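Asks: Shown below is the structure under consideration.
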Amino acid sequence: MDGYLSEPRDLYRGRALCIVKPKDASEVAKVLALCNERGVAVAPQGGNTGLVGGQTPDASGRQIVLSLQRLDRVREVDPASDAMTLEAGVTLARAQEIAESADRYFPLSLASEGSCTIGGNLATNAGGVHVLAYGAARDLVLGLEVALADGRLLSTLGKLRKDNTGYNLTQLFVGSEGTLGVITAATLKLFPRPRSRAVAFLGLDDPGQALALLNVVKDRAGPALQAFELVPRIGMELVIRHIPGARDPLRAVHPWYALVEIAGFNEGEAERVAASALSHALEAGAARDAAIARSLDQVAALWRLRESLSEAQKREGGSIKHDISVPVERIPEFIAEAGRRVAARFPDARPVPFGHMGDGNIHYNVSQPVDADKAVFLAQWGEMNEVVHGLVHEFCGSISAEHGIGQLKRDLLAKTKDKVALDVMRALKKTLDPNGVLNPGKLL
Ligand code: ZN
């Protein structure tokens, strides 16, 4: 059972009565009906890649893990309606391939896409690198099939773009982290497939210049702008130090970098738009230097630099993580002020803020001081959170931009979320799960 009881960051380790692996939605519903009747708590689990402990059972050994991995069928692909219906256990990478084989594009993209599943992506409203252009998982779903605690199957599956018939039950379950029902299938949106893709890496003085760059590129590329990621020099140094084959893409050293991805719907279009946007940016002083990938290998190498940041930070030692969002325009101010406050309280800690600047989501991770004791540093997790999340509150931001709440931020949510909103959430939970068997101890 071991692989189902621990999680990627090793922050949580649970125990379980057993791992239950139903093969279809009706079996999921039957398992829930039985558990509801006997008062056995259920921890639903997809690819087990979540970063907040939402998929890990508690330590009592009296819960079951409900793995959705065997629900991996493709129910329908309908390119003319730009929709596909997949079961919950289909991995995100496979969902992308299924779309591509129908000459369409499914834009959700994140580091764990090889093993995370569609059900988990929707249950946690996953974000990733293309939120700027296409929205989060929430924006990519047309309908759901959900097993309810009492063993009924609720279906809002369907390919309609317009359906104005009352409460949006689909969206109620997206981001509910398995506390209101268990997603067994989803109808997802498909998009036109980009025919060309340009990726550029830019050297910058500071996050203020990144904001200016973002505005120039948005202005020049419009909806073709697919991703805009921010990377600090220290992050780049960690990647070069710890990830074999990683190299500086620019000749000079810059304090900050941006990775920009632009799509085109005709051959060569992305390269043309990127070249024009970047020359405007350089002329306007919105970047110091730029390199454009010339081949698919170079595109992959640039993305690898960005996507290796978490792994490089892990190899460097302990790091205290924050998955925050603030209004895009305030990111430079946030990074500067957070740096000052962290330095005042933890003088030798090393902030490595990086991520999805284009949609306002920064992973404000702080690495341990050089040669410090990892455990001693990590013991300050709560104190560090208070500093960073306090500032997030002042900036009208969110304490969880894309990773969810799970166990990690449950108590924090209770302290920071609007009281009326929490009341309504608890009332919904009580209605749909009166016996409290659906993923108890998570989210609320
Ligand atoms: Zn992210």
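Letters for chains follow the order of the structure tokens (A, B, ...), residue numbers begin at 1 for each chain, and ligand numbers begin at 1 in the order shown.
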List the neighbours of segment 152-163 of chain A out to 10 Å using only C-alpha atoms; skip same-chain residues closer than 6 positions along the sequence, and give me the result as a ChimeraX atom specification.

Replies: /A:25-26,28-30,32-33,78,81-85,141-146,169-170,181-189

Asks: Those selected residues, please, written with N, CA, C and O atoms and delivered as a short mmCIF file (atom, residue, chain, number, x, y, z; two decimals), in the first residue's frame.

Replies:
```cif
data_model
loop_
_atom_site.label_atom_id
_atom_site.label_comp_id
_atom_site.auth_asym_id
_atom_site.auth_seq_id
_atom_site.Cartn_x
_atom_site.Cartn_y
_atom_site.Cartn_z
N ALA A 25 -17.54 3.82 -12.80
CA ALA A 25 -18.26 4.77 -11.95
C ALA A 25 -19.27 4.08 -11.04
O ALA A 25 -19.43 4.47 -9.87
N SER A 26 -19.92 3.04 -11.54
CA SER A 26 -20.94 2.41 -10.70
C SER A 26 -20.28 1.70 -9.51
O SER A 26 -20.84 1.68 -8.41
N VAL A 28 -17.53 2.80 -8.06
CA VAL A 28 -17.17 3.91 -7.15
C VAL A 28 -18.39 4.26 -6.30
O VAL A 28 -18.31 4.40 -5.07
N ALA A 29 -19.55 4.38 -6.96
CA ALA A 29 -20.77 4.75 -6.26
C ALA A 29 -21.13 3.70 -5.20
O ALA A 29 -21.52 4.04 -4.08
N LYS A 30 -20.96 2.42 -5.55
CA LYS A 30 -21.27 1.35 -4.59
C LYS A 30 -20.34 1.39 -3.38
O LYS A 30 -20.77 1.18 -2.24
N LEU A 32 -18.89 4.04 -2.17
CA LEU A 32 -19.29 5.18 -1.34
C LEU A 32 -20.55 4.87 -0.54
O LEU A 32 -20.65 5.21 0.65
N ALA A 33 -21.52 4.21 -1.19
CA ALA A 33 -22.77 3.88 -0.48
C ALA A 33 -22.46 3.02 0.74
O ALA A 33 -22.97 3.27 1.85
N ASP A 78 -15.10 14.41 -29.57
CA ASP A 78 -15.96 15.04 -30.58
C ASP A 78 -15.32 16.36 -31.00
O ASP A 78 -15.63 17.42 -30.46
N SER A 81 -17.50 19.43 -31.89
CA SER A 81 -18.06 20.16 -30.76
C SER A 81 -16.96 20.67 -29.82
O SER A 81 -17.25 21.23 -28.76
N ASP A 82 -15.70 20.43 -30.19
CA ASP A 82 -14.56 20.80 -29.34
C ASP A 82 -14.75 20.27 -27.91
O ASP A 82 -14.65 21.03 -26.94
N ALA A 83 -15.01 18.97 -27.81
CA ALA A 83 -15.24 18.39 -26.49
C ALA A 83 -14.77 16.94 -26.46
O ALA A 83 -14.81 16.25 -27.49
N MET A 84 -14.27 16.51 -25.29
CA MET A 84 -13.96 15.09 -25.11
C MET A 84 -14.38 14.69 -23.70
O MET A 84 -14.30 15.49 -22.77
N THR A 85 -14.89 13.45 -23.59
CA THR A 85 -15.32 12.96 -22.29
C THR A 85 -14.41 11.82 -21.88
O THR A 85 -14.32 10.80 -22.57
N VAL A 141 -13.66 22.76 -18.20
CA VAL A 141 -14.61 21.66 -18.03
C VAL A 141 -16.01 22.09 -18.44
O VAL A 141 -16.45 23.21 -18.15
N LEU A 142 -16.70 21.20 -19.16
CA LEU A 142 -18.09 21.47 -19.56
C LEU A 142 -19.08 20.72 -18.66
O LEU A 142 -20.19 21.19 -18.46
N GLY A 143 -18.69 19.56 -18.18
CA GLY A 143 -19.60 18.79 -17.33
C GLY A 143 -18.86 17.70 -16.58
O GLY A 143 -17.71 17.37 -16.92
N LEU A 144 -19.50 17.15 -15.56
CA LEU A 144 -18.87 16.13 -14.72
C LEU A 144 -19.83 14.99 -14.43
O LEU A 144 -21.05 15.17 -14.44
N GLU A 145 -19.26 13.83 -14.14
CA GLU A 145 -20.00 12.75 -13.51
C GLU A 145 -19.39 12.59 -12.13
O GLU A 145 -18.16 12.51 -12.01
N VAL A 146 -20.23 12.60 -11.09
CA VAL A 146 -19.74 12.60 -9.72
C VAL A 146 -20.48 11.55 -8.90
O VAL A 146 -21.72 11.50 -8.93
N LEU A 169 -23.76 23.14 -10.93
CA LEU A 169 -23.31 22.05 -10.05
C LEU A 169 -21.93 21.55 -10.45
O LEU A 169 -21.15 21.09 -9.60
N THR A 170 -21.61 21.64 -11.75
CA THR A 170 -20.28 21.21 -12.20
C THR A 170 -19.20 21.96 -11.41
O THR A 170 -18.29 21.36 -10.83
N GLY A 181 -17.97 15.01 -3.18
CA GLY A 181 -18.29 13.90 -4.07
C GLY A 181 -17.01 13.46 -4.74
O GLY A 181 -15.97 14.08 -4.58
N VAL A 182 -17.09 12.35 -5.48
CA VAL A 182 -15.89 11.83 -6.15
C VAL A 182 -16.12 11.89 -7.66
O VAL A 182 -17.03 11.26 -8.20
N ILE A 183 -15.28 12.68 -8.34
CA ILE A 183 -15.41 12.85 -9.79
C ILE A 183 -15.01 11.54 -10.47
O ILE A 183 -13.93 11.00 -10.21
N THR A 184 -15.90 11.03 -11.35
CA THR A 184 -15.59 9.77 -12.04
C THR A 184 -15.36 9.98 -13.54
O THR A 184 -14.76 9.13 -14.19
N ALA A 185 -15.87 11.08 -14.09
CA ALA A 185 -15.64 11.39 -15.52
C ALA A 185 -15.87 12.88 -15.75
O ALA A 185 -16.51 13.55 -14.93
N ALA A 186 -15.35 13.38 -16.87
CA ALA A 186 -15.51 14.81 -17.17
C ALA A 186 -15.57 15.03 -18.67
O ALA A 186 -14.89 14.35 -19.44
N THR A 187 -16.40 15.98 -19.07
CA THR A 187 -16.36 16.46 -20.45
C THR A 187 -15.50 17.72 -20.46
O THR A 187 -15.77 18.67 -19.71
N LEU A 188 -14.44 17.68 -21.27
CA LEU A 188 -13.44 18.75 -21.28
C LEU A 188 -13.48 19.52 -22.59
O LEU A 188 -13.84 18.97 -23.63
N LYS A 189 -13.07 20.78 -22.52
CA LYS A 189 -13.05 21.63 -23.72
C LYS A 189 -11.80 21.35 -24.55
O LYS A 189 -10.71 21.15 -24.01
#
```

Asks: Would you mind writing down, as a ChimeraX atom specification, each residue of segment 277-348 of chain A that DSSP on the backbone assigns to strand (DSSP E or B)?

Replies: /A:289-292,319-320,323-325

Asks: Restricting the output to all heavy atoms, write the selected residues as a compact mmCIF listing (two decimals), in the first residue's frame.

Replies:
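After the write, result_24.txt holds the following:
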```txt
# COMPACT_ATOMS: atom_id res chain seq x y z
N ASP A 289 18.16 41.46 -22.59
CA ASP A 289 18.71 40.53 -23.58
C ASP A 289 17.66 39.45 -23.83
O ASP A 289 16.80 39.22 -22.97
CB ASP A 289 20.01 39.91 -23.03
CG ASP A 289 20.82 39.22 -24.13
OD1 ASP A 289 20.44 39.35 -25.32
OD2 ASP A 289 21.81 38.55 -23.79
N ALA A 290 17.75 38.82 -24.99
CA ALA A 290 16.77 37.77 -25.30
C ALA A 290 17.39 36.69 -26.14
O ALA A 290 18.25 36.96 -26.98
CB ALA A 290 15.57 38.38 -26.05
N ALA A 291 16.96 35.43 -25.89
CA ALA A 291 17.36 34.31 -26.76
C ALA A 291 16.07 33.60 -27.16
O ALA A 291 15.21 33.33 -26.31
CB ALA A 291 18.26 33.35 -25.99
N ILE A 292 15.93 33.33 -28.47
CA ILE A 292 14.75 32.59 -28.94
C ILE A 292 15.18 31.17 -29.30
O ILE A 292 16.20 30.98 -29.95
CB ILE A 292 14.10 33.26 -30.16
CG1 ILE A 292 13.63 34.67 -29.80
CG2 ILE A 292 12.93 32.44 -30.69
CD1 ILE A 292 12.79 35.35 -30.87
N SER A 319 13.31 23.81 1.98
CA SER A 319 12.72 25.07 1.52
C SER A 319 11.28 25.17 2.02
O SER A 319 10.57 24.17 2.08
CB SER A 319 12.84 25.22 0.01
OG SER A 319 11.75 24.65 -0.65
N ILE A 320 10.93 26.38 2.41
CA ILE A 320 9.58 26.63 2.92
C ILE A 320 8.78 27.28 1.81
O ILE A 320 9.21 28.28 1.23
CB ILE A 320 9.64 27.52 4.19
CG1 ILE A 320 10.46 26.80 5.27
CG2 ILE A 320 8.25 27.85 4.68
CD1 ILE A 320 10.65 27.59 6.55
N ASP A 323 2.36 29.13 -2.18
CA ASP A 323 1.75 29.13 -3.51
C ASP A 323 0.73 30.26 -3.51
O ASP A 323 -0.43 30.06 -3.22
CB ASP A 323 1.10 27.76 -3.73
CG ASP A 323 0.17 27.74 -4.94
OD1 ASP A 323 0.51 28.38 -5.94
OD2 ASP A 323 -0.89 27.08 -4.85
N ILE A 324 1.20 31.46 -3.81
CA ILE A 324 0.35 32.63 -3.59
C ILE A 324 -0.01 33.33 -4.90
O ILE A 324 0.66 33.16 -5.92
CB ILE A 324 1.05 33.65 -2.64
CG1 ILE A 324 2.33 34.24 -3.29
CG2 ILE A 324 1.41 33.00 -1.32
CD1 ILE A 324 2.17 35.57 -3.88
N SER A 325 -1.08 34.10 -4.85
CA SER A 325 -1.36 34.98 -5.99
C SER A 325 -1.73 36.36 -5.49
O SER A 325 -2.30 36.50 -4.40
CB SER A 325 -2.49 34.41 -6.87
OG SER A 325 -3.69 34.34 -6.15
```

Asks: For chain A against ligand 1, with a cut-off of 9 Å and counting only C-alpha atoms and all ligand atoms, what is the closest atom pair and its distance in Å to one decimal for every residue that makes the cut, ordered by chain and number, as JSON lines?

Replies:
```
{"residue": "A:Leu110", "atom": "CA", "partner": "ligand 1", "partner_atom_place_in_ligand_line": "1 (Zn)", "distance": 7.2}
{"residue": "A:Ala111", "atom": "CA", "partner": "ligand 1", "partner_atom_place_in_ligand_line": "1 (Zn)", "distance": 8.0}
{"residue": "A:Ala126", "atom": "CA", "partner": "ligand 1", "partner_atom_place_in_ligand_line": "1 (Zn)", "distance": 8.9}
{"residue": "A:Gly127", "atom": "CA", "partner": "ligand 1", "partner_atom_place_in_ligand_line": "1 (Zn)", "distance": 6.8}
{"residue": "A:Gly128", "atom": "CA", "partner": "ligand 1", "partner_atom_place_in_ligand_line": "1 (Zn)", "distance": 5.1}
{"residue": "A:Val129", "atom": "CA", "partner": "ligand 1", "partner_atom_place_in_ligand_line": "1 (Zn)", "distance": 6.8}
{"residue": "A:Asp323", "atom": "CA", "partner": "ligand 1", "partner_atom_place_in_ligand_line": "1 (Zn)", "distance": 7.6}
{"residue": "A:Phe354", "atom": "CA", "partner": "ligand 1", "partner_atom_place_in_ligand_line": "1 (Zn)", "distance": 8.7}
{"residue": "A:Gly355", "atom": "CA", "partner": "ligand 1", "partner_atom_place_in_ligand_line": "1 (Zn)", "distance": 6.0}
{"residue": "A:His356", "atom": "CA", "partner": "ligand 1", "partner_atom_place_in_ligand_line": "1 (Zn)", "distance": 6.5}
{"residue": "A:Asn361", "atom": "CA", "partner": "ligand 1", "partner_atom_place_in_ligand_line": "1 (Zn)", "distance": 7.5}
{"residue": "A:Ile362", "atom": "CA", "partner": "ligand 1", "partner_atom_place_in_ligand_line": "1 (Zn)", "distance": 7.6}
{"residue": "A:His363", "atom": "CA", "partner": "ligand 1", "partner_atom_place_in_ligand_line": "1 (Zn)", "distance": 6.7}
{"residue": "A:Ala401", "atom": "CA", "partner": "ligand 1", "partner_atom_place_in_ligand_line": "1 (Zn)", "distance": 8.5}
{"residue": "A:Glu402", "atom": "CA", "partner": "ligand 1", "partner_atom_place_in_ligand_line": "1 (Zn)", "distance": 6.8}
{"residue": "A:His403", "atom": "CA", "partner": "ligand 1", "partner_atom_place_in_ligand_line": "1 (Zn)", "distance": 7.8}
```

Asks: Write down as JSON, numbers by chain the residues of segment 154-371 of chain A whose backbone DSSP state falls under helix (DSSP H, G or I).

Replies: {"A": [169, 170, 171, 172, 173, 207, 208, 209, 210, 211, 212, 213, 214, 215, 216, 217, 218, 219, 220, 221, 222, 223, 224, 233, 234, 235, 236, 237, 238, 239, 240, 241, 242, 269, 270, 271, 272, 273, 274, 275, 276, 277, 278, 279, 280, 281, 282, 283, 296, 297, 298, 299, 300, 301, 302, 303, 304, 305, 306, 307, 309, 310, 311, 312, 313, 314, 315, 316, 328, 329, 330, 331, 332, 333, 334, 335, 336, 337, 338, 339, 340, 341, 342, 343, 344, 345, 357, 358, 359]}

Asks: What lies within 10 Å of Leu172 of chain A using only C-alpha atoms, ignoring chain neighbours under 2 positions off, as a ChimeraX atom specification?

Replies: /A:123,138,167-170,174-176,180-181,425,428

Asks: Would you save the residues from that selection as a PDB file, in the first residue's frame, using N, CA, C and O atoms?

Replies:
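Written out: again.pdb:
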```pdb
ATOM      1  N   ALA A 123     -10.611  17.958  -9.274  1.00  0.00           N
ATOM      2  CA  ALA A 123     -10.942  17.996  -7.843  1.00  0.00           C
ATOM      3  C   ALA A 123     -10.122  19.064  -7.132  1.00  0.00           C
ATOM      4  O   ALA A 123     -10.552  19.608  -6.107  1.00  0.00           O
ATOM      5  N   ARG A 138     -10.692  24.581 -13.860  1.00  0.00           N
ATOM      6  CA  ARG A 138     -12.087  25.018 -13.740  1.00  0.00           C
ATOM      7  C   ARG A 138     -12.656  25.569 -15.051  1.00  0.00           C
ATOM      8  O   ARG A 138     -13.836  25.385 -15.345  1.00  0.00           O
ATOM      9  N   TYR A 167     -28.413  26.445 -10.894  1.00  0.00           N
ATOM     10  CA  TYR A 167     -27.110  26.367 -10.215  1.00  0.00           C
ATOM     11  C   TYR A 167     -26.080  25.640 -11.062  1.00  0.00           C
ATOM     12  O   TYR A 167     -26.388  24.642 -11.706  1.00  0.00           O
ATOM     13  N   ASN A 168     -24.839  26.083 -11.003  1.00  0.00           N
ATOM     14  CA  ASN A 168     -23.767  25.432 -11.729  1.00  0.00           C
ATOM     15  C   ASN A 168     -23.160  24.332 -10.840  1.00  0.00           C
ATOM     16  O   ASN A 168     -22.215  24.554 -10.089  1.00  0.00           O
ATOM     17  N   LEU A 169     -23.757  23.139 -10.927  1.00  0.00           N
ATOM     18  CA  LEU A 169     -23.309  22.047 -10.047  1.00  0.00           C
ATOM     19  C   LEU A 169     -21.927  21.547 -10.448  1.00  0.00           C
ATOM     20  O   LEU A 169     -21.154  21.089  -9.597  1.00  0.00           O
ATOM     21  N   THR A 170     -21.612  21.641 -11.745  1.00  0.00           N
ATOM     22  CA  THR A 170     -20.278  21.215 -12.196  1.00  0.00           C
ATOM     23  C   THR A 170     -19.203  21.963 -11.415  1.00  0.00           C
ATOM     24  O   THR A 170     -18.293  21.357 -10.834  1.00  0.00           O
ATOM     25  N   VAL A 174     -15.656  21.200  -8.741  1.00  0.00           N
ATOM     26  CA  VAL A 174     -14.285  21.529  -9.147  1.00  0.00           C
ATOM     27  C   VAL A 174     -13.613  22.287  -8.001  1.00  0.00           C
ATOM     28  O   VAL A 174     -14.153  23.291  -7.521  1.00  0.00           O
ATOM     29  N   GLY A 175     -12.480  21.791  -7.540  1.00  0.00           N
ATOM     30  CA  GLY A 175     -11.797  22.427  -6.406  1.00  0.00           C
ATOM     31  C   GLY A 175     -12.345  22.008  -5.050  1.00  0.00           C
ATOM     32  O   GLY A 175     -11.929  22.555  -4.035  1.00  0.00           O
ATOM     33  N   SER A 176     -13.266  21.042  -5.021  1.00  0.00           N
ATOM     34  CA  SER A 176     -13.830  20.630  -3.715  1.00  0.00           C
ATOM     35  C   SER A 176     -12.958  19.571  -3.039  1.00  0.00           C
ATOM     36  O   SER A 176     -13.240  19.154  -1.911  1.00  0.00           O
ATOM     37  N   LEU A 180     -16.974  16.766  -1.354  1.00  0.00           N
ATOM     38  CA  LEU A 180     -18.417  16.844  -1.653  1.00  0.00           C
ATOM     39  C   LEU A 180     -18.886  15.667  -2.510  1.00  0.00           C
ATOM     40  O   LEU A 180     -20.078  15.385  -2.590  1.00  0.00           O
ATOM     41  N   GLY A 181     -17.967  15.007  -3.178  1.00  0.00           N
ATOM     42  CA  GLY A 181     -18.293  13.905  -4.069  1.00  0.00           C
ATOM     43  C   GLY A 181     -17.012  13.456  -4.737  1.00  0.00           C
ATOM     44  O   GLY A 181     -15.966  14.083  -4.576  1.00  0.00           O
ATOM     45  N   MET A 425     -19.765  27.225   2.705  1.00  0.00           N
ATOM     46  CA  MET A 425     -19.025  26.004   2.364  1.00  0.00           C
ATOM     47  C   MET A 425     -19.386  24.865   3.319  1.00  0.00           C
ATOM     48  O   MET A 425     -19.608  23.725   2.898  1.00  0.00           O
ATOM     49  N   LEU A 428     -22.850  23.468   2.548  1.00  0.00           N
ATOM     50  CA  LEU A 428     -22.836  22.595   1.369  1.00  0.00           C
ATOM     51  C   LEU A 428     -22.275  21.221   1.738  1.00  0.00           C
ATOM     52  O   LEU A 428     -22.791  20.187   1.340  1.00  0.00           O
TER      53      LEU A 428
END
```

Asks: From the set A:Ala286, A:Leu302, A:Ala293, A:Ala212, which residue has the shortest atom-to-atom contact distance to Val239 of chain A, counting only C-alpha atoms?

Replies: A:Leu302

Asks: Counting only C-alpha atoms, figure out which residue out of A:Arg9, A:Arg193, A:Arg15, A:Arg315 gets nearest to Ala59 of chain A.

Replies: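 Among A:Arg9, A:Arg193, A:Arg15, A:Arg315, it is A:Arg15 that comes nearest to Ala59 of chain A.
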
Asks: Here is a test: counting only C-alpha atoms, which residue of A:Leu443, A:Ala263, A:Ala284, A:Ile240 is nearest to Ser196 of chain A?

Replies: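 The answer is A:Ala263, which sits nearest to Ser196 of chain A.
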
Asks: When you look at segment 380-388 of chain A with a cut-off of 7 Å (counting only C-alpha atoms), what residues show up, excluding the ones that are within fewer than 4 positions of it in the same chain? I need them as a list in words.

Replies: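 Within the cut-off, the hits are Ile320, Ala338, Arg341, Val342 and Val392 of chain A.
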
Asks: Let me see the file: selected residues, all heavy atoms, as a compact mmCIF listing (two decimals), in the first residue's frame.

Replies:
```
# COMPACT_ATOMS: atom_id res chain seq x y z
N ILE A 320 10.93 26.38 2.41
CA ILE A 320 9.58 26.63 2.92
C ILE A 320 8.78 27.28 1.81
O ILE A 320 9.21 28.28 1.23
CB ILE A 320 9.64 27.52 4.19
CG1 ILE A 320 10.46 26.80 5.27
CG2 ILE A 320 8.25 27.85 4.68
CD1 ILE A 320 10.65 27.59 6.55
N ALA A 338 8.17 41.38 0.35
CA ALA A 338 8.33 40.05 0.98
C ALA A 338 9.82 39.81 1.24
O ALA A 338 10.19 39.29 2.30
CB ALA A 338 7.76 38.96 0.07
N ARG A 341 10.79 41.70 4.39
CA ARG A 341 10.25 41.14 5.64
C ARG A 341 10.90 39.81 5.99
O ARG A 341 11.16 39.52 7.16
CB ARG A 341 8.73 40.98 5.54
CG ARG A 341 8.05 42.32 5.49
CD ARG A 341 6.57 42.20 5.72
NE ARG A 341 5.91 43.46 5.38
CZ ARG A 341 4.62 43.70 5.50
NH1 ARG A 341 3.82 42.73 5.95
NH2 ARG A 341 4.10 44.85 5.17
N VAL A 342 11.15 38.97 4.97
CA VAL A 342 11.80 37.68 5.24
C VAL A 342 13.22 37.93 5.74
O VAL A 342 13.68 37.31 6.71
CB VAL A 342 11.78 36.79 3.98
CG1 VAL A 342 12.71 35.58 4.15
CG2 VAL A 342 10.36 36.31 3.68
N VAL A 392 0.46 38.66 1.85
CA VAL A 392 -0.53 38.29 0.82
C VAL A 392 -1.88 38.91 1.16
O VAL A 392 -2.57 39.46 0.30
CB VAL A 392 -0.65 36.74 0.73
CG1 VAL A 392 -1.87 36.34 -0.10
CG2 VAL A 392 0.61 36.15 0.12
```

Asks: Please, what distance in Å, to one decimal, runs between atom CA of Thr56 of chain A and atom CA of Pro44 of chain A?

Replies: 8.4 Å

Asks: Which of these residues is nearest to Leu202 of chain A, using only C-alpha atoms: A:Gly285, A:Gly3, A:Pro327, A:Pro244?

Replies: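 The answer is A:Gly285, which sits nearest to Leu202 of chain A.
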
Asks: Let me make sure I understand: among A:Leu378, A:Ala246, A:Ala270, A:Leu412, which one has the smallest atom-to-atom distance to Leu225 of chain A if we use only C-alpha atoms?

Replies: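 Of the candidates, the smallest distance to Leu225 of chain A is held by A:Ala270.
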
Asks: Counting only C-alpha atoms, figure out which residue out of A:Leu444, A:Ile331, A:Ile98, A:Leu282 gets nearest to Cys396 of chain A.

Replies: A:Ile331

Asks: Please provide as an MDAnalysis selection string all residues within 9 Å of Ile64 of chain A, with the sequence filter that same-chain residues fewer than 2 positions apart are discarded (counting only C-alpha atoms).

Replies: chainID A and resid 15:20 40:44 57 61:62 66

Asks: Kindly give the distance, in Å, that separates atom CA of Arg426 of chain A and atom CA of Gly151 of chain A, rounded to a single decimal.

Replies: 20.7 Å

Asks: Give me the residues within 10 Å of Glu100 of chain A as a short mmCIF file (atom, residue, chain, number, x, y, z; two decimals) with N, CA and C atoms, in the first residue's frame, counting only C-alpha atoms and dropping any in the same chain fewer than 3 places off.

Replies:
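Contents of around_18.cif, freshly written:
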```cif
data_model
loop_
_atom_site.label_atom_id
_atom_site.label_comp_id
_atom_site.auth_asym_id
_atom_site.auth_seq_id
_atom_site.Cartn_x
_atom_site.Cartn_y
_atom_site.Cartn_z
N ARG A 94 -1.91 11.84 -21.17
CA ARG A 94 -2.70 11.06 -22.14
C ARG A 94 -3.86 11.90 -22.67
N ALA A 95 -4.45 12.72 -21.80
CA ALA A 95 -5.54 13.60 -22.25
C ALA A 95 -5.03 14.54 -23.34
N GLN A 96 -3.81 15.06 -23.15
CA GLN A 96 -3.21 15.94 -24.17
C GLN A 96 -3.02 15.19 -25.48
N GLU A 97 -2.56 13.92 -25.39
CA GLU A 97 -2.35 13.12 -26.60
C GLU A 97 -3.66 12.78 -27.31
N ASP A 103 -6.60 16.21 -33.70
CA ASP A 103 -6.18 17.49 -34.25
C ASP A 103 -6.73 18.67 -33.44
N ARG A 104 -6.75 18.50 -32.13
CA ARG A 104 -7.17 19.56 -31.22
C ARG A 104 -6.11 19.69 -30.13
N TYR A 105 -6.35 20.68 -29.24
CA TYR A 105 -5.37 20.98 -28.20
C TYR A 105 -6.08 21.02 -26.86
N PHE A 106 -5.51 20.33 -25.86
CA PHE A 106 -6.00 20.44 -24.48
C PHE A 106 -4.90 21.12 -23.68
N LEU A 190 -11.97 21.37 -25.86
CA LEU A 190 -10.83 21.29 -26.78
C LEU A 190 -10.67 22.62 -27.50
N PHE A 191 -9.43 22.87 -27.94
CA PHE A 191 -9.09 24.14 -28.58
C PHE A 191 -8.35 23.88 -29.89
N PRO A 192 -8.28 24.90 -30.77
CA PRO A 192 -7.48 24.73 -31.99
C PRO A 192 -6.03 24.43 -31.63
N ARG A 193 -5.41 23.58 -32.44
CA ARG A 193 -4.04 23.16 -32.14
C ARG A 193 -3.05 24.16 -32.74
#
```
